[in-house]
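Structure first, then comments.
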Amino acid sequence: MKMFSYIVQRIFWGIVTLWVVVTVTFMLMHGIPGGPFDGDSLQQMNETVRANLEAKFGLDRPYIEQYGLYLSNLFKGELGISITYSPRTVKQIIARGFPVSAKLGLVSIVISVFIGVVLGIWAALKRSKWQDTLVKVFTTIGITIPGFVLATMLIYVFAVKLRLLPSYGFRSIKHVILPAIALSLGSIAFIARLTRSSMLDVIRQDYIRTARAKGLSPTTVIYKHALKNALMPIVTYLGPLVASLLTGSFIVEKIFSIPGMGGEMVSAIGNRDYMMILGLTTFFSIILIVTYILVDIIYVLIDPRLKFD
Amino acid sequence: MDIYSPQMMEPLSKENDSLYVITRPSISYWQDVFRRLKQSKLTMVGLILVVLITLIAIFAPLLTPYDYYSQDLQRVNEKPSLDHPFGLDGFGRDIYTRVLYGSRISMTVAYASALIIFFVGVLYGGVSGYMGGRVDMIMMRILDVISGIPILLYLILLMVVMGPGLKSIIISLGITRWIGMARMIRAEVLRLKNYEFVLAAQALGTNSARILIHHFIPNCIGVIIVNLTFAIPQAIFAEAFLSFLGLGVSAPQASWGILTAEALSSYMIYPHQLLFPSLAICLTILAYNFLGDGFRDAMDPKLRT
């Protein structure tokens, strides 16, 4: 029951946050000079055509009315029609790009967590031995190399020189490998470091000594007793990571020519496509809020010491 | 029975009392931190690199015979040679010089946004954590909203208001990146709030601002320094990302981000144009990471063994 009221409370605050985000975005967006029909190619646009177009998208109405209209549409679950890609709706554009980005993002999340945690445990168990140093060197490289440098290096080695994997597109499993590595190396490195330090922290605790003293096998002690507790900081880090990986990376998707939604926000702002800007912001915020709530719930579920409040 | 020999049972002479006198000078927390920093080789490497990079950025014009904008159209895209150690770019400009000058822009962005992150993050997180209750909740919700709004919107708005350039990049990075720092400081203050020294200060009638500045911030300094050393590489990354979108400083000036972004389209034919700016970015980030790791290890008593 406590969990239920906690979730309801969080969802309520999530909706309030979403509303404020949409409102501030609306104000900022209209604060930027230039409208969707001011582009260079439309320089000589006829005044009547322009007025008609603006009327079609409701841009001739006062801001407060446009804002009210957007909110009431949002309430019905509608995100409106994209101004640039009219007559396609914002929802259709998201429905086309999001699955691609999400698929790539999910693969990257699984890779990051799995490899990161394994490397972290390994380094912690072999502390100050060569394995620890090896992991340290690897994670330092992972944190140091910017995503675009890594992506171009991967293409250069695996697509151009070795001709093993395709360098662009998103059609088969083979197309996923390089961008997924480019996306996940940084987070693998971060998760590995996090796991290592939290594992070292946990191993020193009294309950681990107790477990050993009971005569449990080292494997059981590590995986049943230590790892469960060591994973807590990683769950915290997962929230923002999942949200950012699911919504796509502008740079990696651009370099690998992946038809995801990483670049949609950039082009929407460039085009002053008001509907796309609001729609994408709403969508991203929902994903962010939902992942944060899920992470907090998982946190309490896996750690019985914490309580919902 | 040679463990307990009769000699051991004899009383000790008075001279041995000197053994109990503490001869080593006691060292303060900061002396200890610096001692530990000096012991770690990697941290020293990082520190030297950071100082070196900063000096290079300051004295860039003295380190090169060329300037960053003159073009030698006869030698466009030339490979590295003796008089142009990093080669030439598509406009015949010396890449070595452009990387040197680029360090000025990248480092300015990094240091200036770190400064904003420090002041705003510490103040916001400190007030939020110290006030607690309703104020804390509202301030945290505001953070959620700020992190929900796309950074590009702020940036473009700022560019329109202030004109494109360094200032708007620094401010927009500053106003979006302080959130992590604020959350961290808040957590730290929440923990510190329950200590007796805070109660003592309150009982003596110290006002909140003084408690925040004189009691909380010195106790958070470890978290702050570690956070800042990691904020600087993040700012360099973020500046590179903005340059990727074409929102960086305007040509012919170039930051490291712009240099790599420009080289990316032709890296298969002219890899040297991508290599050197990327190396500069990697080396700088590496240096700050070494330094940050060193500070964290030296300051966190939990990591000592």
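Chains: A, B, ... in order of the structure tokens. Residues: from 1 per chain. Ligands: from 1, in order shown.
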Quick one: residues within 9 Å of Gly116 of chain A, only C-alpha atoms, excluding same-chain residues fewer than 6 positions away - as a list in words?
Ser187, Ile188, Ala189, Phe190, Ile191, Ala192, Arg193, Leu194 and Thr195 of chain A
Find the residues in chain A near chain B: any atom within 7 Å counts, using only C-alpha atoms. Write them as a ChimeraX atom specification.
/A:17,20-21,25,28-29,31-32,144-146,149,281,285
Could those residues be written to a file, using C-alpha atoms, as a CSV table (one decimal), in the first residue's frame?
chain,number,residue,atom,x,y,z
A,17,THR,CA,7.4,18.6,-13.8
A,20,VAL,CA,6.5,23.1,-16.2
A,21,VAL,CA,9.1,21.7,-18.7
A,25,THR,CA,10.2,25.2,-23.4
A,28,LEU,CA,12.0,29.8,-24.7
A,29,MET,CA,11.1,28.5,-28.1
A,31,GLY,CA,11.8,33.7,-27.4
A,32,ILE,CA,14.1,32.7,-30.3
A,144,THR,CA,39.3,9.6,-22.3
A,145,ILE,CA,38.3,9.0,-25.9
A,146,PRO,CA,35.4,11.1,-27.1
A,149,VAL,CA,36.8,9.9,-32.3
A,281,THR,CA,10.8,17.7,-25.3
A,285,SER,CA,10.9,14.3,-20.4
Those in segment 69-245 of chain B with alpha helix (DSSP H) from DSSP, as an MDAnalysis selection string:
chainID B and resid 95:131 133:148 151:162 166:192 196:203 208:210 217:244
Atom CA of Asp297 of chain B to atom CA of Tyr130 of chain B: how many Å, to one decimal?
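Interatomic distance here is 27.1 Å.
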Record the distance separating atom CA of Arg177 of chain B and atom CA of Arg98 of chain B, expressed in Å with one decimal.
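Here the two named atoms are 27.4 Å from each other.
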Residues near segment 245-253 of chain A, anyone? I mean within 7 Å using only C-alpha atoms, not counting same-chain ones fewer than 3 positions away, as a ChimeraX atom specification.
/A:98,101-102,105-106,148,151,179,241-242,256-258,260-263
Output N, CA and C atoms for every residue in the selection just made, as a PDB file, in the first residue's frame.
ATOM      1  N   PHE A  98      12.212   6.414 -32.983  1.00  0.00           N
ATOM      2  CA  PHE A  98      12.464   5.913 -31.638  1.00  0.00           C
ATOM      3  C   PHE A  98      12.825   4.430 -31.583  1.00  0.00           C
ATOM      4  N   SER A 101      16.520   4.035 -32.467  1.00  0.00           N
ATOM      5  CA  SER A 101      17.397   4.514 -31.388  1.00  0.00           C
ATOM      6  C   SER A 101      17.292   3.624 -30.167  1.00  0.00           C
ATOM      7  N   ALA A 102      16.062   3.212 -29.837  1.00  0.00           N
ATOM      8  CA  ALA A 102      15.857   2.424 -28.622  1.00  0.00           C
ATOM      9  C   ALA A 102      16.525   1.063 -28.739  1.00  0.00           C
ATOM     10  N   GLY A 105      20.069   1.617 -28.348  1.00  0.00           N
ATOM     11  CA  GLY A 105      20.290   2.002 -26.958  1.00  0.00           C
ATOM     12  C   GLY A 105      20.228   0.810 -26.028  1.00  0.00           C
ATOM     13  N   LEU A 106      19.239  -0.066 -26.243  1.00  0.00           N
ATOM     14  CA  LEU A 106      19.088  -1.236 -25.374  1.00  0.00           C
ATOM     15  C   LEU A 106      20.304  -2.145 -25.466  1.00  0.00           C
ATOM     16  N   PHE A 148      32.982  10.605 -30.834  1.00  0.00           N
ATOM     17  CA  PHE A 148      33.138  10.718 -32.295  1.00  0.00           C
ATOM     18  C   PHE A 148      34.501  10.202 -32.757  1.00  0.00           C
ATOM     19  N   ALA A 151      34.165   6.451 -32.734  1.00  0.00           N
ATOM     20  CA  ALA A 151      33.338   6.004 -33.854  1.00  0.00           C
ATOM     21  C   ALA A 151      34.122   6.016 -35.162  1.00  0.00           C
ATOM     22  N   PRO A 179      28.242   0.824 -33.964  1.00  0.00           N
ATOM     23  CA  PRO A 179      27.667   1.936 -33.185  1.00  0.00           C
ATOM     24  C   PRO A 179      27.416   1.578 -31.721  1.00  0.00           C
ATOM     25  N   LEU A 241      21.576   7.192 -17.617  1.00  0.00           N
ATOM     26  CA  LEU A 241      22.193   6.474 -18.734  1.00  0.00           C
ATOM     27  C   LEU A 241      21.130   5.896 -19.666  1.00  0.00           C
ATOM     28  N   VAL A 242      20.149   5.194 -19.084  1.00  0.00           N
ATOM     29  CA  VAL A 242      19.087   4.592 -19.891  1.00  0.00           C
ATOM     30  C   VAL A 242      18.343   5.671 -20.666  1.00  0.00           C
ATOM     31  N   PHE A 256      27.297   7.085 -38.229  1.00  0.00           N
ATOM     32  CA  PHE A 256      26.959   5.782 -38.803  1.00  0.00           C
ATOM     33  C   PHE A 256      25.721   5.838 -39.703  1.00  0.00           C
ATOM     34  N   SER A 257      25.234   7.033 -39.985  1.00  0.00           N
ATOM     35  CA  SER A 257      24.013   7.204 -40.810  1.00  0.00           C
ATOM     36  C   SER A 257      22.884   6.297 -40.345  1.00  0.00           C
ATOM     37  N   ILE A 258      22.536   6.390 -39.076  1.00  0.00           N
ATOM     38  CA  ILE A 258      21.455   5.567 -38.536  1.00  0.00           C
ATOM     39  C   ILE A 258      20.186   6.408 -38.465  1.00  0.00           C
ATOM     40  N   GLY A 260      17.837   7.100 -36.636  1.00  0.00           N
ATOM     41  CA  GLY A 260      17.224   7.191 -35.321  1.00  0.00           C
ATOM     42  C   GLY A 260      16.707   8.594 -35.060  1.00  0.00           C
ATOM     43  N   MET A 261      16.501   8.901 -33.772  1.00  0.00           N
ATOM     44  CA  MET A 261      15.959  10.220 -33.492  1.00  0.00           C
ATOM     45  C   MET A 261      16.971  11.115 -32.776  1.00  0.00           C
ATOM     46  N   GLY A 262      18.251  10.703 -32.790  1.00  0.00           N
ATOM     47  CA  GLY A 262      19.271  11.495 -32.115  1.00  0.00           C
ATOM     48  C   GLY A 262      19.377  12.904 -32.666  1.00  0.00           C
ATOM     49  N   GLY A 263      19.190  13.050 -33.978  1.00  0.00           N
ATOM     50  CA  GLY A 263      19.354  14.356 -34.584  1.00  0.00           C
ATOM     51  C   GLY A 263      18.072  15.145 -34.733  1.00  0.00           C
TER      52      GLY A 263
END
Just want the 10 Å neighbourhood of segment 194-197 of chain B, counted on only C-alpha atoms, with same-chain residues fewer than 6 positions away dropped. Output as a PyMOL selection string.
chain B and resi 203+211+215
Please produce a file of those selected residues containing C-alpha atoms, as a PDB file, in the first residue's frame.
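And here is the file that came out, again.pdb:
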ATOM      1  CA  ALA B 203      23.723  27.182  19.473  1.00  0.00           C
ATOM      2  CA  ILE B 211      27.463  28.175   8.667  1.00  0.00           C
ATOM      3  CA  HIS B 215      31.352  25.000   8.062  1.00  0.00           C
TER       4      HIS B 215
END
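In this comparison, which uses only C-alpha atoms, the residue of B:Phe216, B:Tyr101, B:Tyr270, B:Phe119 approaching Ile58 of chain B most closely is B:Tyr101.
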Residue neighbourhood Ala110 of chain B, 9 Å, only C-alpha atoms, exclusion window fewer than 3 positions, as a list in words
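What passes the distance filter is Ile105, Ser106, Met107, Ser113, Ala114, Leu115, Ile170, Ala231, Ile232, Pro233, Gln234, Ala235, Ile236 and Glu239 of chain B.
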I need the residues from that last selection saved to file as a PDB file, in the first residue's frame (with C-alpha atoms), if you can.
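Writing the result to result_39.pdb gives the following:
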ATOM      1  CA  ILE B 105      39.229  28.516 -26.660  1.00  0.00           C
ATOM      2  CA  SER B 106      38.767  25.010 -25.295  1.00  0.00           C
ATOM      3  CA  MET B 107      40.527  25.811 -22.023  1.00  0.00           C
ATOM      4  CA  SER B 113      32.179  26.960 -17.106  1.00  0.00           C
ATOM      5  CA  ALA B 114      33.863  25.141 -14.195  1.00  0.00           C
ATOM      6  CA  LEU B 115      33.809  28.446 -12.305  1.00  0.00           C
ATOM      7  CA  ILE B 170      30.339  29.330 -21.593  1.00  0.00           C
ATOM      8  CA  ALA B 231      33.614  18.844 -14.929  1.00  0.00           C
ATOM      9  CA  ILE B 232      36.476  20.244 -16.994  1.00  0.00           C
ATOM     10  CA  PRO B 233      36.804  17.258 -19.374  1.00  0.00           C
ATOM     11  CA  GLN B 234      33.012  17.186 -19.628  1.00  0.00           C
ATOM     12  CA  ALA B 235      33.014  20.839 -20.665  1.00  0.00           C
ATOM     13  CA  ILE B 236      35.624  20.080 -23.343  1.00  0.00           C
ATOM     14  CA  GLU B 239      32.086  22.237 -26.405  1.00  0.00           C
TER      15      GLU B 239
END
Rounded to one decimal place, report the atom CA of Gly294 of chain B-atom CA of Thr43 of chain B distance in Å.
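About the pair atom CA of Gly294 of chain B and atom CA of Thr43 of chain B: they are 5.0 Å apart.
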